[in-house]
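Chemist: Structure in structure tokens, see below.
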Amino acid sequence: MTDEDEDLSSLLVPQLYKPPALLPIAQLKDQLLYTIEAHPVTIIVGETGSGKTTQIPKFLLQTGWCKNGQQIAVTQPRRIAATSVAARVAEELDTPLGQTIGYSIRFEDVTSAITQVKFVTDGLLLREMLVDPLLKRYSVVMVDEAHERSLSSDILLSLLKKVLRKREDLRVVVSSATLEAGRFLDFFNPENGEQVFGKSREDYGRIVGIEGRTFPVEVQYLLEPTTNYVEAAVEAVMSIHENERGGDVLVFLTGREEIDDAIDMISDRIVDLPSTSQKLMPLPLYAGLPSEEQMFVFQQPPANTRKVIFSTNIAEASITIDGIVFVLDSGYVKLRNYDAHLGIENLNVVPVSKASATQRAGRAGRTRPGKCFRLYTEVAFERLEEATFPEIQRSNLAPVVLQLLNLGITNVVRFDYLSPPPSSLITRALDLLYSLGALDTTARLTKPLGARMAELPLEPMLSKALLQAANPEFGCLSEMLTIAAMMTLQGNAFVSHDGNKKQLDNARRRFAVAEGDHLTLYNVYEAFVKAGMQNVQWCRENCLNHKSMVKASSVRKQLAAYLDRFGVKETALASSSSGLLSVGGIPIAERVRRCLTTGFFAHAARMKSDGSFTTIDGKTTLWAHPSSVFFHRKADWVIYTEILSTRDKIYIRDLSTVDMDWLAEYAPEYYKIKNGAR
Ligand SMILES: Nc1ncnc2c1ncn2[C@@H]1O[C@H](COP(=O)(O)OP(=O)(O)OP(=O)(O)O)[C@@H](O)[C@H]1O
């Protein structure tokens, strides 16, 4: 990435971005199109910013790959990439987004009957396969950033390999970093001596390399390692601001807490800046942020203002933020790691891979020359792993196993994985799905419960609870629909205005319900409906994010439509108007908590005298997240729906009180195994 020959004085001269015709990929257009035409599989290896994501779909569209009414799908590991790249391509083609060019992500479909190129998350395309197993509506599927080895893109590649054995006309394009390219091609290739539609492994696929990048990026390292990369990043931002003219800054940190800390630190430093100097505008970017707020990072800052975006790895690949000249890379990332024994998903802070570091640096040099400061030494860089450890080997596989079974893949152990997951992960997933009632004793999907759980776009525990809600024993479908929709906001219903934490705490307290966070979420939504869904002012007064609340109502409708398709209707008994009153002897609040237990029994914990919680086996200490009603209040047994691990503590979020007896009542098998094991 280092380009020492380049004259970096050009950094000081704002330049217009290169028109697409000048992007490195333009020279390869004909060769690329010929390769795709002639081979079922094409692996593209190119420098960051060479034009893979934005140009290849356009080339294919212009060459007639959508003539028969078929579409081109381009998958991305992240929602922000799918939406922002779709917007860019639509802009380049001068067409409104959602017409020829569209995108589709979970709970948000911006496509129409005339859409020809569809940007999607890899997870969403997997879901589409449930209704269209051969992906017949697509002529080409491009899997972008495949080297990131996201769980869904790995599974998608395996399934595409199967589909290619059945569809001669389908073309698969995989974009990847250099290291993994050969491995991908090898995976798709027929075995020695085997032929697929008359093609042998020699002529089944090709790797196409794209040389060159858009603008140079100068890479610099620390001479000595730092002990605190958040502080080092803040120092570096201030130094850039004081010493380098022009250009926005993108800083890669690992998570929300670090981002908040960094923004607080920068805000303190801004006060000391001379009033005459250029202003500094810090902006956060992380997955949990509502999409509208994520989009702020793409907007032009006000005049005489430098944007500093503090982001997690969600800005690492595919996206282009115009104006970024400086990238600061902490060298760390928070990766999911599932502990199959404890059934806990941890987010661990670990060093990035070289491939990630390259992607991060590549966020500069896209619309003008750039600089990347790695907040670690060159020696440390050399020691990094080449590629990120595949997500499939460190994830809770229950959602994927459920989907594979629903696609008719009965032997999930011997499935053709790109990198097979450890058997402990598959066993754990099967055990959990079995105890949720999604599988029978022969590991087949139960009907209707298991099949419906697979279809709902929610994780299995929540799907189970939602599907149980219609059961007369619980009779709380309306309440659970609301709770499930609110849970998809990932803790983003509340927002502090101008950093006023006290006001935020008061707002939370106003809605708090003694039985826990799920019923509190229900309360919030009910109050929002009552106040009038358009009432932005009311949301503001109550520290609620209006856009997030509107989103929750849209998600609620979509979930209700799924259930409607299953023939499950919201009943009068559990209508919102009943509020949280007692119905049929058992108060509705209790029925909701019982219903949640049917899904989340594996996430049970008990409060200790010091206010912390302990897992059932007593081995792990957990803490209520500050946003939980149990951050201050006492409880005994609880179930939680989310677990977040920070540098020093493991936090649980969205807690509800339960009776210990309910655990054995709703998951007798699970707790029998657990007790047996202890
Ligand atoms: N939103 C945008 N605004 C301005 N220029 C853009 C935008 N999106 C893309 N570009 C230009 O198009 C170039 C190619 O972008 P594209 O995303 O297609 O590259 P890529 O090869 O897929 O890169 P990567 O692998 O890093 O995602 C960028 O370097 C930039 O010059």
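Identifiers in this document derive from the order of the structure tokens: chains are assigned A, B, ..., residues are numbered from 1 separately in each chain, and ligands are numbered from 1 in order of occurrence.
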Please provide as a ChimeraX atom specification all residues within 9 Å of stretch 172-177 of chain A, with the sequence filter that same-chain residues fewer than 2 positions apart are discarded (counting only C-alpha atoms).

Modeler: /A:36,39-47,52-53,139-148,157,160-161,164,170,179-181,184,355,387

Chemist: Deliver the residues from the most recent selection as a file, using N, CA and C atoms, as a JSON list (two decimals), in the first residue's frame.

Modeler:
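Below is the file out03.json, written as the result:
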[["chain", "number", "residue", "atom", "x", "y", "z"],
["A", 36, "ILE", "N", -16.31, -14.06, -17.54],
["A", 36, "ILE", "CA", -17.57, -14.38, -16.87],
["A", 36, "ILE", "C", -18.50, -15.14, -17.83],
["A", 39, "HIS", "N", -17.00, -18.83, -18.25],
["A", 39, "HIS", "CA", -16.76, -19.71, -17.09],
["A", 39, "HIS", "C", -17.85, -19.54, -16.04],
["A", 40, "PRO", "N", -18.28, -20.64, -15.46],
["A", 40, "PRO", "CA", -19.29, -20.52, -14.39],
["A", 40, "PRO", "C", -18.79, -19.70, -13.21],
["A", 41, "VAL", "N", -17.49, -19.79, -12.90],
["A", 41, "VAL", "CA", -16.97, -19.11, -11.71],
["A", 41, "VAL", "C", -15.81, -18.19, -12.07],
["A", 42, "THR", "N", -15.89, -16.94, -11.63],
["A", 42, "THR", "CA", -14.77, -16.00, -11.82],
["A", 42, "THR", "C", -14.40, -15.44, -10.46],
["A", 43, "ILE", "N", -13.12, -15.53, -10.13],
["A", 43, "ILE", "CA", -12.66, -14.95, -8.87],
["A", 43, "ILE", "C", -11.92, -13.67, -9.22],
["A", 44, "ILE", "N", -12.33, -12.56, -8.61],
["A", 44, "ILE", "CA", -11.70, -11.28, -8.90],
["A", 44, "ILE", "C", -10.80, -10.88, -7.75],
["A", 45, "VAL", "N", -9.58, -10.59, -8.06],
["A", 45, "VAL", "CA", -8.65, -10.12, -7.04],
["A", 45, "VAL", "C", -8.20, -8.74, -7.45],
["A", 46, "GLY", "N", -8.46, -7.76, -6.62],
["A", 46, "GLY", "CA", -8.07, -6.42, -7.04],
["A", 46, "GLY", "C", -7.71, -5.58, -5.84],
["A", 47, "GLU", "N", -6.96, -4.52, -6.07],
["A", 47, "GLU", "CA", -6.61, -3.60, -5.00],
["A", 47, "GLU", "C", -7.87, -2.92, -4.51],
["A", 52, "LYS", "N", -14.20, -2.84, -8.18],
["A", 52, "LYS", "CA", -14.89, -4.13, -8.26],
["A", 52, "LYS", "C", -16.38, -4.01, -7.93],
["A", 53, "THR", "N", -16.66, -3.43, -6.76],
["A", 53, "THR", "CA", -18.04, -3.44, -6.27],
["A", 53, "THR", "C", -18.97, -2.57, -7.11],
["A", 139, "SER", "N", -29.23, -14.09, -12.78],
["A", 139, "SER", "CA", -28.34, -14.62, -13.81],
["A", 139, "SER", "C", -26.90, -14.64, -13.29],
["A", 140, "VAL", "N", -26.57, -13.67, -12.45],
["A", 140, "VAL", "CA", -25.22, -13.60, -11.88],
["A", 140, "VAL", "C", -25.35, -13.31, -10.38],
["A", 141, "VAL", "N", -24.57, -14.02, -9.59],
["A", 141, "VAL", "CA", -24.47, -13.67, -8.17],
["A", 141, "VAL", "C", -23.02, -13.31, -7.91],
["A", 142, "MET", "N", -22.81, -12.08, -7.43],
["A", 142, "MET", "CA", -21.45, -11.67, -7.09],
["A", 142, "MET", "C", -21.33, -11.64, -5.57],
["A", 143, "VAL", "N", -20.38, -12.41, -5.05],
["A", 143, "VAL", "CA", -20.16, -12.44, -3.61],
["A", 143, "VAL", "C", -18.94, -11.56, -3.34],
["A", 144, "ASP", "N", -19.23, -10.38, -2.78],
["A", 144, "ASP", "CA", -18.15, -9.40, -2.58],
["A", 144, "ASP", "C", -17.50, -9.61, -1.22],
["A", 145, "GLU", "N", -16.23, -9.25, -1.12],
["A", 145, "GLU", "CA", -15.49, -9.34, 0.14],
["A", 145, "GLU", "C", -15.53, -10.75, 0.73],
["A", 146, "ALA", "N", -15.43, -11.75, -0.13],
["A", 146, "ALA", "CA", -15.56, -13.14, 0.34],
["A", 146, "ALA", "C", -14.43, -13.52, 1.29],
["A", 147, "HIS", "N", -13.27, -12.84, 1.13],
["A", 147, "HIS", "CA", -12.13, -13.17, 2.00],
["A", 147, "HIS", "C", -12.40, -12.82, 3.46],
["A", 148, "GLU", "N", -13.43, -12.00, 3.71],
["A", 148, "GLU", "CA", -13.76, -11.69, 5.11],
["A", 148, "GLU", "C", -14.27, -12.90, 5.84],
["A", 157, "LEU", "N", -21.46, -19.49, -0.36],
["A", 157, "LEU", "CA", -20.55, -20.06, -1.37],
["A", 157, "LEU", "C", -20.79, -21.57, -1.49],
["A", 160, "LEU", "N", -24.00, -21.99, -3.38],
["A", 160, "LEU", "CA", -23.85, -21.62, -4.79],
["A", 160, "LEU", "C", -23.15, -22.74, -5.56],
["A", 161, "LYS", "N", -22.21, -23.37, -4.91],
["A", 161, "LYS", "CA", -21.53, -24.49, -5.56],
["A", 161, "LYS", "C", -22.54, -25.57, -5.93],
["A", 164, "LEU", "N", -24.74, -24.33, -8.83],
["A", 164, "LEU", "CA", -24.02, -24.38, -10.12],
["A", 164, "LEU", "C", -24.02, -25.78, -10.73],
["A", 170, "LEU", "N", -26.13, -20.12, -14.69],
["A", 170, "LEU", "CA", -25.76, -19.20, -13.59],
["A", 170, "LEU", "C", -24.26, -18.87, -13.63],
["A", 179, "LEU", "N", -4.79, -13.66, -1.14],
["A", 179, "LEU", "CA", -4.44, -14.90, -0.47],
["A", 179, "LEU", "C", -5.46, -16.01, -0.64],
["A", 180, "GLU", "N", -6.75, -15.64, -0.59],
["A", 180, "GLU", "CA", -7.79, -16.66, -0.57],
["A", 180, "GLU", "C", -8.26, -17.05, -1.97],
["A", 181, "ALA", "N", -7.81, -16.33, -3.02],
["A", 181, "ALA", "CA", -8.38, -16.54, -4.35],
["A", 181, "ALA", "C", -8.26, -17.99, -4.82],
["A", 184, "PHE", "N", -10.65, -20.32, -3.09],
["A", 184, "PHE", "CA", -12.04, -20.23, -3.55],
["A", 184, "PHE", "C", -12.22, -21.00, -4.86],
["A", 355, "ALA", "N", -5.16, -8.73, 5.94],
["A", 355, "ALA", "CA", -6.19, -8.41, 4.94],
["A", 355, "ALA", "C", -7.07, -7.26, 5.44],
["A", 387, "ALA", "N", -5.14, -13.66, 7.09],
["A", 387, "ALA", "CA", -6.58, -13.47, 6.88],
["A", 387, "ALA", "C", -7.33, -13.70, 8.18]]

Chemist: Which residues come within 8 Å of stretch 536-551 of chain A, counting only C-alpha atoms, excluding same-chain residues fewer than 6 positions away, as a PDB file with N, CA and C atoms, in the first residue's frame?

Modeler:
ATOM      1  N   PRO A 290     -28.702   3.594  14.608  1.00  0.00           N
ATOM      2  CA  PRO A 290     -29.773   3.552  13.604  1.00  0.00           C
ATOM      3  C   PRO A 290     -29.237   3.945  12.224  1.00  0.00           C
ATOM      4  N   GLU A 292     -30.161   5.755   9.828  1.00  0.00           N
ATOM      5  CA  GLU A 292     -30.154   7.177   9.451  1.00  0.00           C
ATOM      6  C   GLU A 292     -28.945   7.879  10.055  1.00  0.00           C
ATOM      7  N   MET A 486     -39.088  -4.394  18.940  1.00  0.00           N
ATOM      8  CA  MET A 486     -38.247  -3.456  19.692  1.00  0.00           C
ATOM      9  C   MET A 486     -36.851  -4.038  19.917  1.00  0.00           C
ATOM     10  N   LEU A 489     -34.069  -3.350  17.462  1.00  0.00           N
ATOM     11  CA  LEU A 489     -33.402  -2.034  17.478  1.00  0.00           C
ATOM     12  C   LEU A 489     -32.064  -2.106  18.215  1.00  0.00           C
ATOM     13  N   ASN A 492     -31.329   0.643  20.701  1.00  0.00           N
ATOM     14  CA  ASN A 492     -31.278   2.002  20.172  1.00  0.00           C
ATOM     15  C   ASN A 492     -32.594   2.759  20.200  1.00  0.00           C
ATOM     16  N   ALA A 493     -33.524   2.336  21.061  1.00  0.00           N
ATOM     17  CA  ALA A 493     -34.771   3.087  21.166  1.00  0.00           C
ATOM     18  C   ALA A 493     -34.477   4.426  21.838  1.00  0.00           C
ATOM     19  N   PHE A 494     -33.654   4.378  22.882  1.00  0.00           N
ATOM     20  CA  PHE A 494     -33.353   5.604  23.624  1.00  0.00           C
ATOM     21  C   PHE A 494     -32.136   6.306  23.050  1.00  0.00           C
ATOM     22  N   VAL A 495     -32.170   7.613  23.145  1.00  0.00           N
ATOM     23  CA  VAL A 495     -31.028   8.381  22.657  1.00  0.00           C
ATOM     24  C   VAL A 495     -30.867   9.598  23.575  1.00  0.00           C
ATOM     25  N   SER A 496     -29.630   9.937  23.900  1.00  0.00           N
ATOM     26  CA  SER A 496     -29.476  11.121  24.756  1.00  0.00           C
ATOM     27  C   SER A 496     -29.305  12.339  23.859  1.00  0.00           C
ATOM     28  N   HIS A 497     -30.078  13.374  24.154  1.00  0.00           N
ATOM     29  CA  HIS A 497     -29.950  14.586  23.341  1.00  0.00           C
ATOM     30  C   HIS A 497     -28.828  15.436  23.914  1.00  0.00           C
ATOM     31  N   GLN A 503     -31.005  13.281  31.797  1.00  0.00           N
ATOM     32  CA  GLN A 503     -32.313  13.325  31.143  1.00  0.00           C
ATOM     33  C   GLN A 503     -32.651  11.933  30.581  1.00  0.00           C
ATOM     34  N   LEU A 504     -31.629  11.283  30.041  1.00  0.00           N
ATOM     35  CA  LEU A 504     -31.815   9.946  29.469  1.00  0.00           C
ATOM     36  C   LEU A 504     -32.193   8.942  30.560  1.00  0.00           C
ATOM     37  N   ALA A 507     -35.714   9.431  31.575  1.00  0.00           N
ATOM     38  CA  ALA A 507     -36.655   8.921  30.567  1.00  0.00           C
ATOM     39  C   ALA A 507     -36.774   7.407  30.696  1.00  0.00           C
ATOM     40  N   TYR A 525     -43.103   1.239  23.549  1.00  0.00           N
ATOM     41  CA  TYR A 525     -43.781   1.201  22.247  1.00  0.00           C
ATOM     42  C   TYR A 525     -45.251   1.602  22.388  1.00  0.00           C
ATOM     43  N   PHE A 528     -45.534   5.212  22.733  1.00  0.00           N
ATOM     44  CA  PHE A 528     -45.242   5.843  21.441  1.00  0.00           C
ATOM     45  C   PHE A 528     -46.495   5.816  20.549  1.00  0.00           C
TER      46      PHE A 528
END

Chemist: Quick one: everything within 6 Å of A:Leu222, counting only C-alpha atoms, minus sequence neighbours fewer than 2 positions away in the same chain. Send it as a list in words.

Modeler: Glu224, Leu375, Tyr376 and Thr377 of chain A

Chemist: Name the closest residue to A:Lys619 among the candidates A:Glu244, A:His341, A:Tyr103, A:Asn313; distances are taken between atoms, counting only C-alpha atoms.

Modeler: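 Of all the options, A:His341 lies closest to A:Lys619.
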
Chemist: What does the list of residues within 6 Å of ligand 1 look like if you count only C-alpha atoms and all ligand atoms, written as an NGL selection string?

Modeler: :A and (17-18 or 48-55 or 88 or 214 or 317-320 or 322 or 362 or 366-367)

Chemist: Stretch 76-220 of chain A: which residues are strand (DSSP E or B) by DSSP, as a PyMOL selection string?

Modeler: chain A and resi 76+101-105+108-110+117-121+138-143+171-176+196+199+205-210+217-220

Chemist: Residues of stretch 293-399 of chain A that approach stretch 621-634 of chain A to 12 Å or less, counting only C-alpha atoms: could you list each one with the shortest pair of atoms and its distance in Å to one decimal, rows by chain and increasing residue number, as a tab-separated table?

Modeler:
residue	atom	partner	partner_atom	distance
A:Leu342	CA	A:Thr621	CA	11.9
A:Ile344	CA	A:Leu622	CA	10.8
A:Asn346	CA	A:Leu622	CA	11.7

Chemist: Taking the backbone alone, and naming residues the way the document does, which bits of stretch 336-567 of chain A are helix (DSSP H, G or I) by DSSP, as a ChimeraX atom specification?

Modeler: /A:354-361,378-383,391-393,398-406,423-435,449-455,460-468,477-487,497-499,501-511,517-531,536-541,546-565

Chemist: If we count only C-alpha atoms and set the cut-off at 8 Å, which residues sit around A:Gly365, ignoring sequence neighbours fewer than 4 positions away in its own chain? Please answer as a ChimeraX atom specification.

Modeler: /A:49,214-217,324-325,369-371

Chemist: Which is closest to A:Leu60 among A:Glu128, A:Asp30, A:Asp431, A:Glu526, if we use only C-alpha atoms?

Modeler: A:Asp30

Chemist: A:Arg256: which residues within 10 Å, counting only C-alpha atoms, same-chain residues fewer than 2 positions away excluded, as JSON, numbers by chain?

Modeler: {"A": [253, 254, 258, 259, 260, 261, 262, 284, 285, 286, 287, 288, 289, 310, 311, 312, 646]}

Chemist: So that I can see what lies close to A:Ser419, please list as JSON, numbers by chain the residues with an atom at most 9 Å from it, counting only C-alpha atoms and leaving out residues fewer than 3 positions away in the same chain.

Modeler: {"A": [154, 390, 392, 393, 416]}
